[in-house]
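Asks: As input, take structure-v1.cif (mmCIF, C-alpha atoms):
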```cif
data_run
#
loop_
_atom_site.group_PDB
_atom_site.id
_atom_site.type_symbol
_atom_site.label_atom_id
_atom_site.label_comp_id
_atom_site.auth_asym_id
_atom_site.auth_seq_id
_atom_site.Cartn_x
_atom_site.Cartn_y
_atom_site.Cartn_z
ATOM 1 C CA MET A 28 72.964 -17.287 22.844
ATOM 2 C CA ASN A 29 73.613 -15.543 19.560
ATOM 3 C CA ASN A 30 76.377 -17.025 17.455
ATOM 4 C CA SER A 31 79.012 -14.305 17.618
ATOM 5 C CA THR A 32 81.616 -16.241 15.643
ATOM 6 C CA SER A 33 81.854 -16.453 11.872
ATOM 7 C CA LEU A 34 81.165 -20.179 12.006
ATOM 8 C CA PRO A 35 77.572 -21.450 11.882
ATOM 9 C CA GLY A 36 75.972 -23.035 14.905
ATOM 10 C CA LYS A 37 74.877 -26.628 15.216
ATOM 11 C CA VAL A 38 71.464 -28.089 14.505
ATOM 12 C CA TYR A 39 70.020 -30.944 16.551
ATOM 13 C CA LEU A 40 67.178 -33.038 15.144
ATOM 14 C CA ILE A 41 65.511 -34.228 18.341
ATOM 15 C CA GLY A 42 62.740 -36.761 18.748
ATOM 16 C CA ALA A 43 60.084 -35.532 21.174
ATOM 17 C CA GLY A 44 58.566 -38.987 21.555
ATOM 18 C CA PRO A 45 54.806 -39.594 21.541
ATOM 19 C CA GLY A 46 53.829 -36.562 23.623
ATOM 20 C CA ALA A 47 54.355 -37.056 27.347
ATOM 21 C CA GLN A 48 57.153 -34.844 28.629
ATOM 22 C CA ASP A 49 58.786 -37.558 30.723
ATOM 23 C CA LEU A 50 59.156 -39.807 27.666
ATOM 24 C CA MET A 51 61.702 -37.370 26.207
ATOM 25 C CA THR A 52 65.287 -38.657 26.451
ATOM 26 C CA LEU A 53 67.648 -37.022 28.943
ATOM 27 C CA ARG A 54 69.895 -35.904 26.083
ATOM 28 C CA GLY A 55 66.984 -34.332 24.264
ATOM 29 C CA ALA A 56 65.828 -32.476 27.391
ATOM 30 C CA ARG A 57 69.356 -31.231 28.094
ATOM 31 C CA LEU A 58 69.761 -29.858 24.583
ATOM 32 C CA LEU A 59 66.329 -28.223 24.660
ATOM 33 C CA ALA A 60 67.386 -26.386 27.821
ATOM 34 C CA GLN A 61 70.404 -25.009 25.908
ATOM 35 C CA ALA A 62 68.626 -24.129 22.667
ATOM 36 C CA ASP A 63 68.527 -20.613 21.257
ATOM 37 C CA VAL A 64 65.819 -21.483 18.739
ATOM 38 C CA VAL A 65 63.408 -24.428 18.586
ATOM 39 C CA LEU A 66 61.558 -25.197 15.349
ATOM 40 C CA HIS A 67 58.826 -27.642 16.287
ATOM 41 C CA ASP A 68 56.094 -29.724 14.694
ATOM 42 C CA ALA A 69 52.388 -29.229 15.345
ATOM 43 C CA LEU A 70 52.279 -32.547 17.218
ATOM 44 C CA VAL A 71 54.801 -31.376 19.825
ATOM 45 C CA THR A 72 52.893 -30.694 23.043
ATOM 46 C CA GLU A 73 52.959 -27.485 25.079
ATOM 47 C CA GLU A 74 54.207 -29.608 27.969
ATOM 48 C CA MET A 75 57.270 -30.536 25.915
ATOM 49 C CA LEU A 76 57.963 -26.902 25.043
ATOM 50 C CA GLU A 77 58.123 -26.095 28.756
ATOM 51 C CA LEU A 78 61.570 -27.710 28.651
ATOM 52 C CA CYS A 79 62.935 -24.761 26.634
ATOM 53 C CA PRO A 80 61.509 -21.551 28.178
ATOM 54 C CA GLN A 81 64.595 -19.573 27.127
ATOM 55 C CA ALA A 82 64.346 -20.429 23.428
ATOM 56 C CA GLN A 83 62.621 -18.661 20.580
ATOM 57 C CA LYS A 84 59.931 -21.103 19.415
ATOM 58 C CA ILE A 85 58.878 -21.371 15.791
ATOM 59 C CA LEU A 86 55.955 -23.568 14.707
ATOM 60 C CA VAL A 87 56.842 -25.145 11.364
ATOM 61 C CA GLY A 88 54.714 -28.269 11.159
ATOM 62 C CA LYS A 89 51.266 -29.234 9.884
ATOM 63 C CA ARG A 90 49.275 -32.283 10.833
ATOM 64 C CA CYS A 91 48.102 -32.906 7.296
ATOM 65 C CA GLY A 92 47.769 -31.207 3.925
ATOM 66 C CA GLN A 93 51.449 -30.306 3.796
ATOM 67 C CA LEU A 94 52.114 -27.850 0.980
ATOM 68 C CA SER A 95 54.876 -28.728 -1.472
ATOM 69 C CA THR A 96 56.865 -25.614 -0.552
ATOM 70 C CA ALA A 97 56.639 -26.098 3.229
ATOM 71 C CA GLN A 98 59.623 -28.439 3.584
ATOM 72 C CA ALA A 99 61.842 -26.101 1.570
ATOM 73 C CA PHE A 100 60.747 -23.285 3.893
ATOM 74 C CA ILE A 101 61.657 -25.372 6.958
ATOM 75 C CA ASN A 102 65.050 -26.218 5.456
ATOM 76 C CA LYS A 103 65.747 -22.523 4.879
ATOM 77 C CA GLN A 104 64.678 -21.664 8.422
ATOM 78 C CA LEU A 105 67.099 -24.246 9.815
ATOM 79 C CA VAL A 106 70.000 -22.971 7.743
ATOM 80 C CA ASP A 107 69.255 -19.295 8.418
ATOM 81 C CA ASN A 108 68.913 -19.801 12.168
ATOM 82 C CA ALA A 109 72.082 -21.887 12.378
ATOM 83 C CA ARG A 110 73.972 -18.969 10.835
ATOM 84 C CA LYS A 111 72.700 -16.669 13.595
ATOM 85 C CA HIS A 112 72.598 -18.906 16.663
ATOM 86 C CA ALA A 113 74.844 -21.464 18.336
ATOM 87 C CA VAL A 114 72.235 -24.115 19.214
ATOM 88 C CA VAL A 115 69.247 -24.729 16.951
ATOM 89 C CA VAL A 116 66.804 -27.542 17.671
ATOM 90 C CA ARG A 117 64.427 -29.122 15.184
ATOM 91 C CA LEU A 118 61.941 -30.838 17.481
ATOM 92 C CA LYS A 119 59.894 -33.605 15.893
ATOM 93 C CA GLY A 120 57.157 -35.823 17.269
ATOM 94 C CA GLY A 121 58.223 -39.443 17.747
ATOM 95 C CA ASP A 122 61.625 -40.204 16.264
ATOM 96 C CA PRO A 123 63.211 -37.932 13.641
ATOM 97 C CA MET A 124 64.326 -40.833 11.471
ATOM 98 C CA LEU A 125 60.903 -42.456 11.051
ATOM 99 C CA PHE A 126 58.323 -40.592 8.941
ATOM 100 C CA GLY A 127 59.978 -37.355 10.024
ATOM 101 C CA ARG A 128 61.328 -35.935 6.739
ATOM 102 C CA ALA A 129 64.797 -36.086 8.276
ATOM 103 C CA ASP A 130 66.420 -36.928 4.951
ATOM 104 C CA GLU A 131 65.460 -33.599 3.365
ATOM 105 C CA GLU A 132 66.625 -31.618 6.390
ATOM 106 C CA LEU A 133 69.892 -33.510 6.746
ATOM 107 C CA ARG A 134 70.713 -32.953 3.078
ATOM 108 C CA ALA A 135 69.927 -29.228 3.282
ATOM 109 C CA LEU A 136 72.134 -28.769 6.348
ATOM 110 C CA GLU A 137 74.982 -30.837 4.904
ATOM 111 C CA GLU A 138 74.892 -28.868 1.661
ATOM 112 C CA ALA A 139 75.091 -25.632 3.669
ATOM 113 C CA GLY A 140 78.082 -26.910 5.651
ATOM 114 C CA ILE A 141 76.221 -26.876 8.980
ATOM 115 C CA ALA A 142 76.964 -29.444 11.672
ATOM 116 C CA VAL A 143 74.015 -31.611 12.601
ATOM 117 C CA GLU A 144 73.314 -34.294 15.183
ATOM 118 C CA VAL A 145 70.289 -36.563 15.556
ATOM 119 C CA VAL A 146 68.897 -37.371 19.001
ATOM 120 C CA PRO A 147 66.493 -40.327 18.816
ATOM 121 C CA GLY A 148 63.055 -40.328 20.385
ATOM 122 C CA ILE A 149 60.526 -43.002 21.295
ATOM 123 C CA THR A 150 58.550 -43.666 18.144
ATOM 124 C CA THR A 151 54.800 -43.894 18.651
ATOM 125 C CA ALA A 152 54.559 -47.585 17.753
ATOM 126 C CA LEU A 153 56.734 -48.551 20.701
ATOM 127 C CA ALA A 154 54.958 -46.127 23.025
ATOM 128 C CA ALA A 155 51.629 -47.561 21.869
ATOM 129 C CA ALA A 156 52.753 -51.134 22.526
ATOM 130 C CA ALA A 157 53.738 -50.091 26.044
ATOM 131 C CA ALA A 158 50.537 -48.110 26.679
ATOM 132 C CA THR A 159 48.326 -51.017 25.612
ATOM 133 C CA LEU A 160 50.510 -53.711 27.245
ATOM 134 C CA GLN A 161 50.471 -55.318 23.811
ATOM 135 C CA PRO A 162 53.821 -56.666 22.516
ATOM 136 C CA LEU A 163 54.314 -56.248 18.774
ATOM 137 C CA THR A 164 56.084 -59.608 18.590
ATOM 138 C CA LYS A 165 55.051 -62.843 20.239
ATOM 139 C CA ARG A 166 56.698 -66.252 20.157
ATOM 140 C CA GLY A 167 54.866 -68.578 17.811
ATOM 141 C CA VAL A 168 52.563 -65.785 16.636
ATOM 142 C CA SER A 169 54.478 -62.801 15.293
ATOM 143 C CA ARG A 170 58.091 -62.782 14.121
ATOM 144 C CA SER A 171 57.903 -59.699 11.917
ATOM 145 C CA VAL A 172 56.664 -56.126 12.285
ATOM 146 C CA ALA A 173 56.195 -53.418 9.655
ATOM 147 C CA PHE A 174 55.680 -49.700 10.254
ATOM 148 C CA PHE A 175 53.972 -48.037 7.309
ATOM 149 C CA THR A 176 51.961 -45.009 6.248
ATOM 150 C CA SER A 177 49.813 -44.304 3.235
ATOM 151 C CA SER A 178 50.765 -40.625 3.274
ATOM 152 C CA THR A 179 52.925 -39.505 0.377
ATOM 153 C CA ALA A 180 54.688 -36.369 -0.765
ATOM 154 C CA PRO A 181 52.508 -33.820 -2.581
ATOM 155 C CA GLY A 182 52.101 -34.736 -6.232
ATOM 156 C CA GLU A 183 53.160 -38.344 -5.679
ATOM 157 C CA PRO A 184 50.772 -41.279 -6.252
ATOM 158 C CA GLU A 185 49.195 -42.871 -3.192
ATOM 159 C CA GLN A 186 50.993 -45.872 -1.762
ATOM 160 C CA THR A 187 48.514 -48.734 -1.918
ATOM 161 C CA ARG A 188 50.888 -51.629 -1.237
ATOM 162 C CA ILE A 189 50.687 -52.969 2.299
ATOM 163 C CA PRO A 190 53.706 -54.786 3.790
ATOM 164 C CA ASP A 191 53.477 -58.546 4.231
ATOM 165 C CA CYS A 192 54.252 -58.918 7.932
ATOM 166 C CA ASP A 193 52.746 -60.629 10.966
ATOM 167 C CA THR A 194 52.110 -57.360 12.811
ATOM 168 C CA LEU A 195 51.275 -54.165 10.949
ATOM 169 C CA VAL A 196 51.489 -50.716 12.482
ATOM 170 C CA GLN A 197 49.995 -47.885 10.457
ATOM 171 C CA TYR A 198 51.060 -44.370 11.338
ATOM 172 C CA MET A 199 48.589 -41.565 10.646
ATOM 173 C CA GLY A 200 46.043 -44.323 10.219
ATOM 174 C CA GLY A 201 42.825 -42.542 11.108
ATOM 175 C CA ARG A 202 41.821 -41.266 7.682
ATOM 176 C CA GLU A 203 43.114 -44.415 5.960
ATOM 177 C CA ALA A 204 41.438 -46.940 8.261
ATOM 178 C CA ILE A 205 38.678 -48.002 5.875
ATOM 179 C CA ALA A 206 40.947 -48.336 2.827
ATOM 180 C CA THR A 207 43.579 -50.243 4.807
ATOM 181 C CA ALA A 208 41.055 -52.690 6.243
ATOM 182 C CA GLN A 209 39.429 -53.284 2.879
ATOM 183 C CA ARG A 210 42.781 -53.968 1.209
ATOM 184 C CA LEU A 211 43.814 -56.379 3.943
ATOM 185 C CA LEU A 212 40.520 -58.248 3.721
ATOM 186 C CA ALA A 213 40.927 -58.448 -0.057
ATOM 187 C CA LEU A 214 44.429 -59.846 0.463
ATOM 188 C CA GLY A 215 43.016 -62.655 2.596
ATOM 189 C CA ARG A 216 43.478 -61.418 6.156
ATOM 190 C CA ARG A 217 40.846 -62.892 8.462
ATOM 191 C CA ALA A 218 37.870 -60.690 9.281
ATOM 192 C CA ASP A 219 38.377 -61.413 13.001
ATOM 193 C CA THR A 220 42.028 -60.305 12.969
ATOM 194 C CA PRO A 221 42.561 -58.321 16.198
ATOM 195 C CA VAL A 222 43.092 -54.573 15.871
ATOM 196 C CA VAL A 223 44.163 -52.073 18.524
ATOM 197 C CA VAL A 224 43.727 -48.363 17.829
ATOM 198 C CA ILE A 225 45.354 -45.704 19.971
ATOM 199 C CA GLU A 226 44.641 -41.997 19.721
ATOM 200 C CA ASN A 227 46.794 -39.319 21.402
ATOM 201 C CA CYS A 228 49.247 -41.903 22.695
ATOM 202 C CA SER A 229 50.775 -41.056 26.119
ATOM 203 C CA ARG A 230 48.771 -37.820 26.457
ATOM 204 C CA PRO A 231 46.087 -37.027 29.036
ATOM 205 C CA ASP A 232 43.356 -37.587 26.434
ATOM 206 C CA GLN A 233 44.769 -40.921 25.273
ATOM 207 C CA ARG A 234 42.121 -43.318 23.969
ATOM 208 C CA ILE A 235 42.584 -47.024 23.283
ATOM 209 C CA VAL A 236 40.043 -49.118 21.388
ATOM 210 C CA ARG A 237 40.023 -52.816 20.508
ATOM 211 C CA LEU A 238 38.098 -54.093 17.502
ATOM 212 C CA THR A 239 38.411 -56.492 14.576
ATOM 213 C CA LEU A 240 39.553 -55.976 11.023
ATOM 214 C CA SER A 241 35.981 -56.250 9.737
ATOM 215 C CA ALA A 242 34.877 -53.505 12.159
ATOM 216 C CA LEU A 243 37.821 -51.348 11.108
ATOM 217 C CA ALA A 244 36.493 -51.505 7.538
ATOM 218 C CA HIS A 245 33.574 -49.359 8.745
ATOM 219 C CA GLY A 246 35.976 -46.591 9.800
ATOM 220 C CA LEU A 247 36.917 -45.005 13.091
ATOM 221 C CA GLY A 248 34.429 -42.173 13.201
ATOM 222 C CA ASP A 249 35.536 -38.843 14.636
ATOM 223 C CA THR A 250 39.081 -38.664 15.949
ATOM 224 C CA HIS A 251 40.726 -35.626 17.481
ATOM 225 C CA GLY A 252 44.419 -36.394 17.514
ATOM 226 C CA PRO A 253 47.131 -38.560 15.978
ATOM 227 C CA VAL A 254 45.935 -42.131 15.456
ATOM 228 C CA LEU A 255 48.030 -45.291 15.305
ATOM 229 C CA VAL A 256 46.496 -48.578 14.144
ATOM 230 C CA MET A 257 48.073 -51.917 15.131
ATOM 231 C CA LEU A 258 46.861 -55.084 13.398
ATOM 232 C CA GLY A 259 47.661 -58.771 13.685
ATOM 233 C CA ASP A 260 47.236 -61.814 15.897
ATOM 234 C CA ALA A 261 49.787 -60.406 18.356
ATOM 235 C CA MET A 262 47.121 -57.811 19.226
ATOM 236 C CA ALA A 263 44.800 -60.437 20.736
ATOM 237 C CA ALA A 264 44.095 -59.746 24.397
ATOM 238 C CA ARG A 265 45.653 -62.172 26.876
ATOM 239 C CA ALA A 266 43.349 -64.384 28.914
ATOM 240 C CA HIS A 267 43.955 -62.496 32.169
ATOM 241 C CA GLN A 268 44.677 -59.095 30.682
ATOM 242 C CA SER A 269 42.791 -56.246 32.315
ATOM 243 C CA ILE A 270 40.963 -54.355 29.570
ATOM 244 C CA THR A 271 39.921 -50.858 30.631
ATOM 245 C CA GLU A 272 40.086 -49.058 27.290
ATOM 246 C CA THR A 273 37.397 -46.755 25.998
ATOM 247 C CA THR A 274 34.998 -48.636 23.732
ATOM 248 C CA ALA A 275 33.268 -45.763 21.949
ATOM 249 C CA ILE A 276 34.429 -46.826 18.507
ATOM 250 C CA LEU A 277 33.522 -50.452 19.100
ATOM 251 C CA ALA A 278 30.040 -49.486 20.224
ATOM 252 C CA ARG A 279 29.295 -47.895 16.858
ATOM 253 C CA HIS A 280 29.738 -51.249 15.116
ATOM 254 C CA ALA A 281 28.278 -53.557 17.738
#
```
Please express what this file holds, its structure, as structure tokens.
Replies:
Amino acid sequence: MNNSTSLPGKVYLIGAGPGAQDLMTLRGARLLAQADVVLHDALVTEEMLELCPQAQKILVGKRCGQLSTAQAFINKQLVDNARKHAVVVRLKGGDPMLFGRADEELRALEEAGIAVEVVPGITTALAAAAATLQPLTKRGVSRSVAFFTSSTAPGEPEQTRIPDCDTLVQYMGGREAIATAQRLLALGRRADTPVVVIENCSRPDQRIVRLTLSALAHGLGDTHGPVLVMLGDAMAARAHQSITETTAILARHA
């Protein structure tokens, strides 16, 4: 509904989760069904947008190559729409508070005096652990986990430091696979360190591949969706684990 009062509406930063519609939280789905406007990322699936047929939908995200002015444009869109409508949703893949540029959007809304609420979503690392039946922590093997990305803001230097943790999870790891593997090998990680790669997590075209750190250093070849890379001894397959993943990437380096 249009905001007929003089007060601005409210903005909800909602996590869409990894992609599958039924991995959206109940709160997120309820708010989507009430939304007047939904500003969504490129990674948000059409299936997810079916939850808000009544809303005006605005695509505001890019998968890569984000221009320096794009976030300012998104901030302005959020503020402008909140001044016209009662319920505005900013729908983000995964969780808004992890690699989601939530800080910039929260600050813009707060400075404009617009109420905002964050609704968490399932971040891809946790969805990937579930999809692969591969716990990120394991007693006696992995007591620490780090989520990281090499992507930086436009104009900023690349982040080359890799966290020192038992299990590493690299978001947006497809293009950075070779550099990440080479750095880890140079830092002393074993060449046979287990790696699990998941592409299009939770979606119909999901693909899971197991390989080693030394194989990862050769790259992942062609990928056609968001890629998450999980590394560490916790990624080793269990003795009786049923492995049915696609092995196309592994076959290239056999």
Asks: List as a ChimeraX atom specification the protein and nucleic acid residues near Val116 of chain A, meaning an atom at most 10 Å away when all atoms listed in the file are counted, but skip any in the same chain fewer than 6 places from it.
Replies: /A:37-41,55,58-59,61-67,82,84,105,108-109,143-145
Asks: Can you pull out the residues contacting Ala99 of chain A? Cut-off 12 Å, using all atoms listed in the file, and skip same-chain residues under 5 positions away; I want them as a VMD selection string.
Replies: chain A and resid 87 93 to 94 104 to 106 128 131 to 132 134 to 136
Asks: Please identify all polymer residues within 12 Å of Arg265 of chain A, counting all atoms listed in the file, omitting same-chain residues fewer than 3 positions from it, and present them as a compact mmCIF listing (two decimals) with C-alpha atoms, in the coordinates of the input.
Replies:
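Below is the file that was written, around.txt:
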```txt
# COMPACT_ATOMS: atom_id res chain seq x y z
CA THR A 159 48.33 -51.02 25.61
CA LEU A 160 50.51 -53.71 27.24
CA GLN A 161 50.47 -55.32 23.81
CA PRO A 162 53.82 -56.67 22.52
CA LYS A 165 55.05 -62.84 20.24
CA PRO A 221 42.56 -58.32 16.20
CA ASP A 260 47.24 -61.81 15.90
CA ALA A 261 49.79 -60.41 18.36
CA MET A 262 47.12 -57.81 19.23
CA GLN A 268 44.68 -59.10 30.68
CA SER A 269 42.79 -56.25 32.32
CA ILE A 270 40.96 -54.36 29.57
```
Asks: Box for segment 152-166 of chain A: with edges along x, y and z, all listed atoms inside and 3 Å added on each side, what are the centre and edge lengths in Å to one decimal, as JSON?
Replies:
```
{"center_x": 52.5, "center_y": -56.2, "center_z": 22.5, "size_x": 14.4, "size_y": 26.1, "size_z": 15.5}
```
Asks: I want to know what sits within 12 Å of Ser229 of chain A, based on all atoms listed in the file, with residues of the same chain fewer than 2 positions away left out; could you give that as a ChimeraX atom specification?
Replies: /A:43-51,72,121,149-159,225-227,231-235,252-255
